[in-house]
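This is structure-v6.csv (CSV, C-alpha atoms and all ligand atoms).
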```csv
chain,number,residue,atom,x,y,z
K,20,MET,CA,-17.0,-0.2,9.1
K,21,GLN,CA,-13.2,-0.2,8.4
K,22,HIS,CA,-11.0,-2.9,9.8
K,23,TYR,CA,-7.5,-2.3,11.2
K,24,GLN,CA,-4.3,-4.3,11.2
K,25,THR,CA,-2.2,-3.9,14.4
K,26,ILE,CA,1.5,-3.8,13.8
K,27,ARG,CA,4.0,-3.2,16.6
K,28,GLY,CA,1.0,-1.8,18.6
K,29,VAL,CA,0.0,0.7,15.9
K,30,GLN,CA,-3.4,0.4,14.1
K,31,VAL,CA,-3.4,0.8,10.3
K,32,PRO,CA,-6.7,1.0,8.3
K,33,ALA,CA,-6.6,-2.3,6.3
K,34,LEU,CA,-8.1,-0.8,3.2
K,35,GLY,CA,-6.2,2.3,1.9
K,36,PHE,CA,-6.4,4.5,-1.2
K,37,GLY,CA,-3.7,4.2,-3.8
K,38,THR,CA,-3.0,7.4,-5.8
K,39,TRP,CA,-0.7,6.3,-8.6
K,40,PRO,CA,-1.0,7.4,-11.5
K,41,LEU,CA,-3.5,10.2,-10.4
K,42,LYS,CA,-2.1,13.7,-10.8
K,43,GLY,CA,-3.2,17.4,-10.6
K,44,ASP,CA,-6.8,18.3,-9.9
K,45,GLU,CA,-8.0,14.7,-10.6
K,46,CYS,CA,-5.7,13.5,-7.8
K,47,ARG,CA,-6.7,16.3,-5.4
K,48,GLU,CA,-10.4,15.7,-5.9
K,49,ALA,CA,-9.9,11.9,-5.6
K,50,VAL,CA,-8.2,12.2,-2.3
K,51,ARG,CA,-10.7,14.7,-1.0
K,52,ASP,CA,-13.5,12.3,-2.1
K,53,ALA,CA,-11.8,9.2,-0.7
K,54,LEU,CA,-11.7,10.8,2.7
K,55,ALA,CA,-15.4,11.8,2.4
K,56,ALA,CA,-16.1,8.2,1.5
K,57,GLY,CA,-14.4,6.9,4.6
K,58,TYR,CA,-10.8,6.1,3.6
K,59,ARG,CA,-8.3,6.9,6.4
K,60,HIS,CA,-5.1,5.5,4.7
K,61,VAL,CA,-3.6,7.2,1.7
K,62,ASP,CA,-0.6,6.0,-0.3
K,63,THR,CA,1.7,8.2,-2.4
K,64,ALA,CA,5.3,8.4,-3.4
K,65,ARG,CA,7.8,11.0,-4.5
K,66,MET,CA,8.0,9.3,-7.9
K,67,TYR,CA,4.3,9.7,-8.5
K,68,GLY,CA,4.7,13.4,-8.8
K,69,ASN,CA,1.4,14.0,-6.9
K,70,GLU,CA,2.4,14.7,-3.3
K,71,GLU,CA,1.3,18.3,-3.7
K,72,ASP,CA,-2.1,17.2,-5.0
K,73,VAL,CA,-2.4,14.6,-2.3
K,74,GLY,CA,-1.6,17.3,0.3
K,75,ARG,CA,-4.2,19.6,-1.1
K,76,GLY,CA,-6.8,16.9,-1.2
K,77,MET,CA,-6.1,16.1,2.5
K,78,GLN,CA,-6.4,19.8,3.4
K,79,GLU,CA,-9.8,20.1,1.5
K,80,GLY,CA,-11.0,16.8,3.0
K,81,GLY,CA,-10.8,18.4,6.4
K,82,VAL,CA,-10.3,15.1,8.3
K,83,PRO,CA,-8.0,15.7,11.3
K,84,ARG,CA,-4.5,14.9,10.3
K,85,GLU,CA,-4.0,12.3,13.1
K,86,GLN,CA,-6.9,10.3,11.8
K,87,VAL,CA,-5.3,9.6,8.4
K,88,PHE,CA,-2.4,7.1,7.9
K,89,LEU,CA,-0.3,8.7,5.2
K,90,THR,CA,2.5,6.9,3.4
K,91,THR,CA,5.2,8.3,1.0
K,92,LYS,CA,8.3,6.7,-0.5
K,93,LEU,CA,11.9,7.5,-1.4
K,94,TRP,CA,12.9,6.8,-4.9
K,95,TYR,CA,15.8,4.4,-5.4
K,96,THR,CA,18.2,7.1,-6.6
K,97,GLU,CA,17.8,9.1,-3.3
K,98,LEU,CA,18.9,6.5,-0.7
K,99,THR,CA,22.1,8.0,0.6
K,100,ARG,CA,22.1,9.7,4.0
K,101,ALA,CA,22.0,13.3,2.7
K,102,LYS,CA,19.4,12.6,0.0
K,103,VAL,CA,17.0,10.7,2.4
K,104,THR,CA,16.9,13.8,4.7
K,105,ASP,CA,16.5,16.3,1.9
K,106,ALA,CA,13.9,14.2,0.1
K,107,LEU,CA,11.7,13.7,3.2
K,108,HIS,CA,11.8,17.5,4.0
K,109,SER,CA,10.6,18.3,0.5
K,110,SER,CA,7.9,15.7,0.7
K,111,LEU,CA,6.6,17.2,3.9
K,112,ARG,CA,6.5,20.6,2.3
K,113,ARG,CA,4.6,19.3,-0.7
K,114,LEU,CA,2.2,17.2,1.5
K,115,GLN,CA,1.7,20.3,3.8
K,116,THR,CA,2.2,18.1,6.9
K,117,GLU,CA,4.6,17.9,9.8
K,118,TYR,CA,5.1,14.2,9.5
K,119,VAL,CA,4.2,11.1,7.5
K,120,ASP,CA,2.9,8.0,9.2
K,121,LEU,CA,5.1,5.7,7.0
K,122,LEU,CA,8.2,6.4,4.9
K,123,LEU,CA,9.2,3.5,2.6
K,124,VAL,CA,12.2,2.8,0.4
K,125,HIS,CA,10.3,2.5,-2.9
K,126,TRP,CA,12.7,0.0,-4.5
K,127,PRO,CA,16.0,-1.6,-3.2
K,128,ASN,CA,19.2,-0.2,-4.7
K,129,PRO,CA,22.2,-2.5,-4.3
K,130,GLU,CA,24.6,0.5,-5.0
K,131,VAL,CA,23.7,2.2,-1.7
K,132,PRO,CA,24.4,0.3,1.6
K,133,LEU,CA,21.0,-0.5,3.1
K,134,GLY,CA,22.3,0.2,6.6
K,135,GLU,CA,23.0,3.8,5.6
K,136,THR,CA,19.5,4.3,4.2
K,137,MET,CA,17.8,2.7,7.2
K,138,GLU,CA,19.9,4.7,9.7
K,139,ALA,CA,19.0,8.0,8.0
K,140,MET,CA,15.3,7.0,8.0
K,141,THR,CA,15.4,6.0,11.7
K,142,ALA,CA,17.0,9.4,12.5
K,143,LEU,CA,14.0,11.1,10.9
K,144,GLN,CA,11.8,8.8,13.0
K,145,GLN,CA,13.5,9.9,16.2
K,146,GLN,CA,12.9,13.5,15.2
K,147,GLY,CA,9.2,12.8,14.8
K,148,LYS,CA,9.0,13.6,11.1
K,149,VAL,CA,8.3,9.9,10.2
K,150,ARG,CA,6.2,7.7,12.5
K,151,GLN,CA,7.3,4.4,11.0
K,152,VAL,CA,9.9,3.3,8.5
K,153,GLY,CA,9.6,0.5,6.0
K,154,VAL,CA,10.4,-0.8,2.6
K,155,SER,CA,8.7,-1.7,-0.7
K,156,ASN,CA,9.5,-4.4,-3.3
K,157,PHE,CA,11.8,-6.2,-0.9
K,158,PRO,CA,12.0,-10.0,-1.5
K,159,PRO,CA,12.3,-12.1,1.7
K,160,ALA,CA,16.1,-12.1,2.0
K,161,LEU,CA,16.3,-8.4,1.6
K,162,LEU,CA,13.6,-7.8,4.1
K,163,GLU,CA,15.5,-9.9,6.6
K,164,GLU,CA,18.6,-7.8,6.0
K,165,ALA,CA,16.5,-4.6,6.5
K,166,LEU,CA,15.2,-5.9,9.8
K,167,GLY,CA,18.8,-6.2,11.0
K,168,TYR,CA,19.1,-2.4,10.7
K,169,ALA,CA,15.7,-1.0,11.7
K,170,PRO,CA,12.3,-1.9,13.1
K,171,VAL,CA,10.8,-2.3,9.6
K,172,PHE,CA,7.0,-1.6,9.9
K,173,CYS,CA,5.9,-2.5,6.4
K,174,ASN,CA,6.9,-4.1,3.1
K,175,GLN,CA,4.7,-2.9,0.3
K,176,VAL,CA,4.7,-5.5,-2.6
K,177,GLU,CA,2.6,-6.6,-5.5
K,178,TYR,CA,0.1,-9.1,-4.1
K,179,HIS,CA,-3.2,-10.4,-5.4
K,180,PRO,CA,-4.9,-13.7,-6.0
K,181,LEU,CA,-2.9,-14.4,-9.2
K,182,LEU,CA,0.5,-13.8,-7.4
K,183,ALA,CA,1.4,-15.7,-4.2
K,184,GLN,CA,3.6,-14.2,-1.5
K,185,THR,CA,3.8,-17.2,0.8
K,186,ALA,CA,7.4,-16.9,2.0
K,187,LEU,CA,7.1,-13.1,2.6
K,188,LEU,CA,3.8,-13.4,4.5
K,189,GLU,CA,5.4,-15.9,6.8
K,190,LEU,CA,8.4,-13.6,7.4
K,191,CYS,CA,6.1,-10.7,8.0
K,192,ARG,CA,4.1,-12.6,10.6
K,193,THR,CA,7.1,-13.8,12.5
K,194,ASN,CA,8.6,-10.3,12.6
K,195,ASP,CA,5.3,-8.3,13.1
K,196,VAL,CA,5.6,-6.5,9.7
K,197,LEU,CA,2.7,-5.2,7.7
K,198,LEU,CA,2.4,-6.6,4.1
K,199,THR,CA,0.7,-3.9,2.1
K,200,ALA,CA,-0.6,-5.3,-1.2
K,201,TYR,CA,-0.2,-3.0,-4.2
K,202,SER,CA,-2.0,-3.7,-7.5
K,203,PRO,CA,-4.3,-5.7,-5.2
K,204,ILE,CA,-6.9,-6.3,-7.9
K,205,ALA,CA,-4.3,-7.0,-10.6
K,206,HIS,CA,-5.4,-3.9,-12.5
K,207,GLY,CA,-8.9,-5.4,-12.7
K,208,ALA,CA,-7.8,-8.9,-14.0
K,209,VAL,CA,-9.5,-10.5,-11.0
K,210,THR,CA,-12.9,-9.7,-12.6
K,211,GLU,CA,-12.2,-12.5,-15.2
K,212,GLU,CA,-11.8,-15.3,-12.6
K,213,PRO,CA,-14.7,-17.7,-12.3
K,214,VAL,CA,-13.9,-18.7,-8.7
K,215,LEU,CA,-14.1,-15.0,-7.7
K,216,GLN,CA,-17.2,-14.4,-9.7
K,217,ASP,CA,-18.9,-17.4,-8.0
K,218,LEU,CA,-17.9,-16.5,-4.5
K,219,GLY,CA,-18.9,-12.9,-5.2
K,220,ARG,CA,-22.4,-14.0,-6.3
K,221,LYS,CA,-22.8,-15.9,-3.0
K,222,TYR,CA,-22.2,-12.8,-1.0
K,223,GLY,CA,-23.7,-10.3,-3.3
K,224,LYS,CA,-20.3,-8.8,-4.0
K,225,SER,CA,-18.2,-8.2,-7.2
K,226,PRO,CA,-15.0,-10.2,-7.8
K,227,VAL,CA,-13.0,-7.0,-7.0
K,228,GLN,CA,-14.7,-6.8,-3.6
K,229,LEU,CA,-14.2,-10.5,-3.0
K,230,THR,CA,-10.5,-10.0,-3.7
K,231,LEU,CA,-10.1,-7.1,-1.4
K,232,ARG,CA,-11.9,-8.9,1.4
K,233,TRP,CA,-9.7,-12.0,0.9
K,234,LEU,CA,-6.6,-9.7,1.3
K,235,VAL,CA,-7.6,-7.8,4.4
K,236,GLN,CA,-8.9,-11.0,6.0
K,237,GLN,CA,-5.3,-12.2,6.1
K,238,PRO,CA,-3.4,-11.4,9.3
K,239,ARG,CA,-1.1,-8.3,8.8
K,240,VAL,CA,-2.2,-7.6,5.3
K,241,ALA,CA,-3.5,-4.2,4.0
K,242,ALA,CA,-4.5,-3.4,0.5
K,243,ILE,CA,-4.4,-0.1,-1.4
K,244,PRO,CA,-6.5,-0.3,-4.6
K,245,LYS,CA,-6.6,2.8,-6.8
K,246,ALA,CA,-9.9,3.9,-8.3
K,247,ALA,CA,-10.3,7.1,-10.4
K,248,SER,CA,-14.1,6.5,-10.3
K,249,PRO,CA,-15.9,7.7,-7.2
K,250,ASP,CA,-18.3,4.7,-7.5
K,251,ARG,CA,-15.5,2.2,-7.5
K,252,ARG,CA,-13.8,3.9,-4.6
K,253,ARG,CA,-16.9,3.4,-2.5
K,254,GLN,CA,-17.4,-0.2,-3.8
K,255,ASN,CA,-13.8,-1.0,-2.8
K,256,LEU,CA,-14.5,0.1,0.8
K,257,ASP,CA,-17.7,-1.9,1.0
K,258,ILE,CA,-16.1,-5.2,2.0
K,259,PHE,CA,-16.5,-5.2,5.8
K,260,ASP,CA,-20.0,-6.7,6.1
K,261,PHE,CA,-19.2,-10.3,5.1
K,262,GLU,CA,-16.5,-12.9,5.9
K,263,LEU,CA,-15.0,-15.7,3.8
K,264,THR,CA,-14.8,-19.1,5.3
K,265,PRO,CA,-11.4,-20.8,5.7
K,266,ALA,CA,-12.3,-23.1,2.8
K,267,GLU,CA,-13.1,-20.1,0.6
K,268,MET,CA,-9.9,-18.4,1.6
K,269,GLU,CA,-8.0,-21.5,0.4
K,270,GLN,CA,-10.0,-21.6,-2.8
K,271,VAL,CA,-8.7,-18.1,-3.6
K,272,PHE,CA,-5.1,-18.9,-2.6
K,273,GLY,CA,-5.4,-21.7,-5.2
K,274,LEU,CA,-5.7,-19.2,-8.0
K,275,ALA,CA,-2.0,-18.1,-7.7
K,276,ARG,CA,0.0,-18.5,-10.9
K,277,GLY,CA,2.9,-16.2,-10.7
K,278,LYS,CA,1.3,-13.3,-12.6
K,279,ARG,CA,3.6,-10.3,-11.9
K,280,LEU,CA,2.4,-7.0,-13.4
K,281,ILE,CA,5.0,-4.6,-12.1
K,282,ASN,CA,8.6,-5.5,-13.1
K,283,PRO,CA,10.7,-2.5,-14.1
K,284,HIS,CA,14.4,-2.7,-15.0
K,285,HIS,CA,15.4,-1.7,-11.4
K,286,ALA,CA,13.3,-4.5,-9.8
K,287,PRO,CA,15.1,-7.1,-7.6
K,288,ALA,CA,15.0,-10.8,-8.5
K,289,TRP,CA,12.2,-12.6,-6.8
C,1,LIG,N1,5.3,0.3,-4.2
C,1,LIG,C1,5.2,0.2,-5.5
C,1,LIG,O1,6.2,-0.1,-6.2
C,1,LIG,C2,3.8,0.3,-6.2
C,1,LIG,C3,3.7,-0.2,-7.5
C,1,LIG,C4,2.4,0.0,-8.1
C,1,LIG,C5,1.3,0.5,-7.3
C,1,LIG,N2,1.6,1.0,-6.1
C,1,LIG,C6,0.4,1.6,-5.3
C,1,LIG,O2,-0.6,0.7,-5.3
C,1,LIG,C7,-1.8,1.4,-5.8
C,1,LIG,C8,-2.7,0.4,-6.5
C,1,LIG,O3,-2.1,-0.4,-7.5
C,1,LIG,P1,-2.4,-0.2,-9.0
C,1,LIG,O4,-3.0,1.1,-9.3
C,1,LIG,O5,-1.2,-0.7,-9.7
C,1,LIG,O6,-3.5,-1.4,-9.3
C,1,LIG,P2,-4.9,-1.8,-8.8
C,1,LIG,O7,-5.4,-1.0,-7.7
C,1,LIG,O8,-4.9,-3.3,-8.8
C,1,LIG,O9,-5.8,-1.5,-10.1
C,1,LIG,C9,-6.2,-0.2,-10.5
C,1,LIG,C10,-7.2,-0.3,-11.7
C,1,LIG,O10,-8.3,-1.1,-11.3
C,1,LIG,C11,-9.5,-0.4,-11.6
C,1,LIG,N3,-10.5,-0.6,-10.5
C,1,LIG,C12,-10.5,0.0,-9.2
C,1,LIG,N4,-11.5,-0.4,-8.5
C,1,LIG,C13,-12.3,-1.2,-9.3
C,1,LIG,C14,-13.5,-1.9,-9.2
C,1,LIG,N5,-14.2,-1.8,-8.0
C,1,LIG,N6,-14.0,-2.6,-10.2
C,1,LIG,C15,-13.3,-2.6,-11.4
C,1,LIG,N7,-12.1,-2.0,-11.6
C,1,LIG,C16,-11.6,-1.3,-10.6
C,1,LIG,C17,-9.1,1.1,-11.7
C,1,LIG,O11,-10.0,1.8,-12.5
C,1,LIG,P3,-10.4,3.3,-12.4
C,1,LIG,O12,-9.1,4.0,-11.8
C,1,LIG,O13,-10.6,3.7,-13.8
C,1,LIG,O14,-11.5,3.5,-11.5
C,1,LIG,C18,-7.7,1.0,-12.2
C,1,LIG,O15,-7.7,0.9,-13.6
C,1,LIG,C19,-1.2,2.5,-6.6
C,1,LIG,O16,-2.2,3.5,-6.9
C,1,LIG,C20,-0.1,2.9,-5.8
C,1,LIG,O17,-0.5,3.8,-4.8
C,1,LIG,C21,2.8,0.8,-5.5
```

As structure tokens, how would this structure be written, given the file I've shared?
Amino acid sequence: MQHYQTIRGVQVPALGFGTWPLKGDECREAVRDALAAGYRHVDTARMYGNEEDVGRGMQEGGVPREQVFLTTKLWYTELTRAKVTDALHSSLRRLQTEYVDLLLVHWPNPEVPLGETMEAMTALQQQGKVRQVGVSNFPPALLEEALGYAPVFCNQVEYHPLLAQTALLELCRTNDVLLTAYSPIAHGAVTEEPVLQDLGRKYGKSPVQLTLRWLVQQPRVAAIPKAASPDRRRQNLDIFDFELTPAEMEQVFGLARGKRLINPHHAPAW
């Protein structure tokens, strides 16, 4: 049974399906199957080059549109007013939908005034084409700046047991912002951690399941693991029948050691 995080009165399925770097028929089939397995939260981006495949997978999945929380993202080179609007319209066409639940700025771009981008996004929100607006890869100070321009719903960032996000989590809680954890299982590196292996054994779960449970058990945190394999997709969703104790939660927090996996040239300083 899926859990939800409630942000600004809106319920978001806490465990979503990440689609990067899936493409073509593999992506279409993965999204169709993810919906069949019970996922109701799907993450894509213009840069992934798979919006059309995600859209086809959603059509084939046959789940009513309003039951799926769909996110896409604007690339950092398309953050001016005119480009935001054009980009979103082409995303909606590719996704074969009238609206997205969440539109994110994929990466900050210091060359475009943030206020201009956020205003263009909130205009799309007022037109009903975007239900919520948000950001991704925004360190705390930038998130605070964004909150000055718009009711930011989400900040999607790298977050897993090997990389702490303490300051950002605090800011998200005080401002009712969702922190969506990407690369939530550190590309599988969590399987090597003895603490996660031991706790997993206690609950009859894998270190990956333990990790995903630890994430979604935190207030205002969602996670979007990607799995090309249908079995792993189902395992990743099978995390809602056990609960970590506060001491066990702390044990996993103790594994953080600044291991950042995603750090492209356009990334902000953390
Ligand atoms: N906003 C951003 O800038 C940003 C950046 C990166 C990612 N993202 C989003 O976050 C999503 C997830 O991040 P990610 O793909 O970087 O990393 P991830 O979800 O941490 O790791 C994906 C890898 O873990 C493997 N895996 C999945 N489930 C597993 C399981 N139960 N046991 C063992 N291995 C398992 C997958 O294998 P198989 O696929 O072979 O099954 C894949 O190789 C992306 O798909 C994307 O939607 C966003």

Between chain K and ligand LIG 1 (chain C), at 7 Å or less, what are the per-residue closest atom pairs and their distances in Å? Count all atoms listed in the file, order by chain and rising residue number, and return it as CSV.
```
residue,atom,partner,partner_atom,distance
K:Phe36,CA,C:LIG1,O17,6.9
K:Gly37,CA,C:LIG1,O17,3.4
K:Thr38,CA,C:LIG1,O16,4.1
K:Trp39,CA,C:LIG1,O16,3.6
K:Pro40,CA,C:LIG1,O16,6.1
K:Asp62,CA,C:LIG1,O17,5.0
K:Thr63,CA,C:LIG1,O17,5.5
K:His125,CA,C:LIG1,N1,5.6
K:Trp126,CA,C:LIG1,O1,6.7
K:Ser155,CA,C:LIG1,N1,5.3
K:Asn156,CA,C:LIG1,O1,6.1
K:Gln175,CA,C:LIG1,N1,5.6
K:Val176,CA,C:LIG1,N1,6.0
K:Glu177,CA,C:LIG1,C3,6.8
K:Tyr201,CA,C:LIG1,O2,3.9
K:Ser202,CA,C:LIG1,O8,3.2
K:Pro203,CA,C:LIG1,O8,4.4
K:Ile204,CA,C:LIG1,O8,3.7
K:Ala205,CA,C:LIG1,O8,4.2
K:His206,CA,C:LIG1,O9,3.4
K:Gly207,CA,C:LIG1,O10,4.6
K:Val227,CA,C:LIG1,N5,5.4
K:Gln228,CA,C:LIG1,N5,6.7
K:Ile243,CA,C:LIG1,C7,5.3
K:Pro244,CA,C:LIG1,O7,3.4
K:Lys245,CA,C:LIG1,O7,4.1
K:Ala246,CA,C:LIG1,O12,3.6
K:Ala247,CA,C:LIG1,O12,3.6
K:Ser248,CA,C:LIG1,O14,4.1
K:Arg251,CA,C:LIG1,N5,4.2
K:Arg252,CA,C:LIG1,N4,6.2
K:Gln254,CA,C:LIG1,N5,5.5
K:Asn255,CA,C:LIG1,N5,5.3
K:Ile281,CA,C:LIG1,C3,6.5
```

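Going from CA of Leu111 (chain K) over to CA of Ala56 (chain K), you cover 24.5 Å.
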
Requested in this report: Using only C-alpha atoms, collect all residues at a distance of at most 12 Å from (-10.3, 14.1, -6.8) as written in the file, then present them as a PyMOL selection string.
Outcome: chain K and resi 36+38+41-56+69+72-77+79-80+245-249+252

Find the residues near Arg59 (chain K): any atom within 8 Å, counting all atoms listed in the file, skip ones fewer than 3 places away on the same chain, and give them as a tab-separated table (two decimals) with C-alpha atoms, in the coordinates of the input.
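File produced: selection09.tsv:
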```tsv
chain	number	residue	atom	x	y	z
K	32	PRO	CA	-6.70	1.00	8.30
K	35	GLY	CA	-6.20	2.30	1.90
K	54	LEU	CA	-11.70	10.80	2.70
K	86	GLN	CA	-6.90	10.30	11.80
K	87	VAL	CA	-5.30	9.60	8.40
K	88	PHE	CA	-2.40	7.10	7.90
```

Requested in this report: Excluding region 216-222 of chain K and residues on its chain fewer than 4 positions from it, collect all residues at most 10 Å away from it, counting all atoms listed in the file, and give them as a VMD selection string.
Outcome: chain K and resid 209 to 212 226 to 230 260 to 263 267 270 to 271

Query raised in the report: Contacts of region 234-236 of chain K at 9 Å or less, counting all atoms listed in the file, minus same-chain residues fewer than 6 places along, as a list of chain:residue names?
Result: K:His22, K:Tyr23, K:Gln24, K:Ala33, K:Leu34, K:Tyr178, K:His179, K:Pro180, K:Ala200, K:Pro203, K:Ala242, K:Glu262, K:Leu263, K:Met268
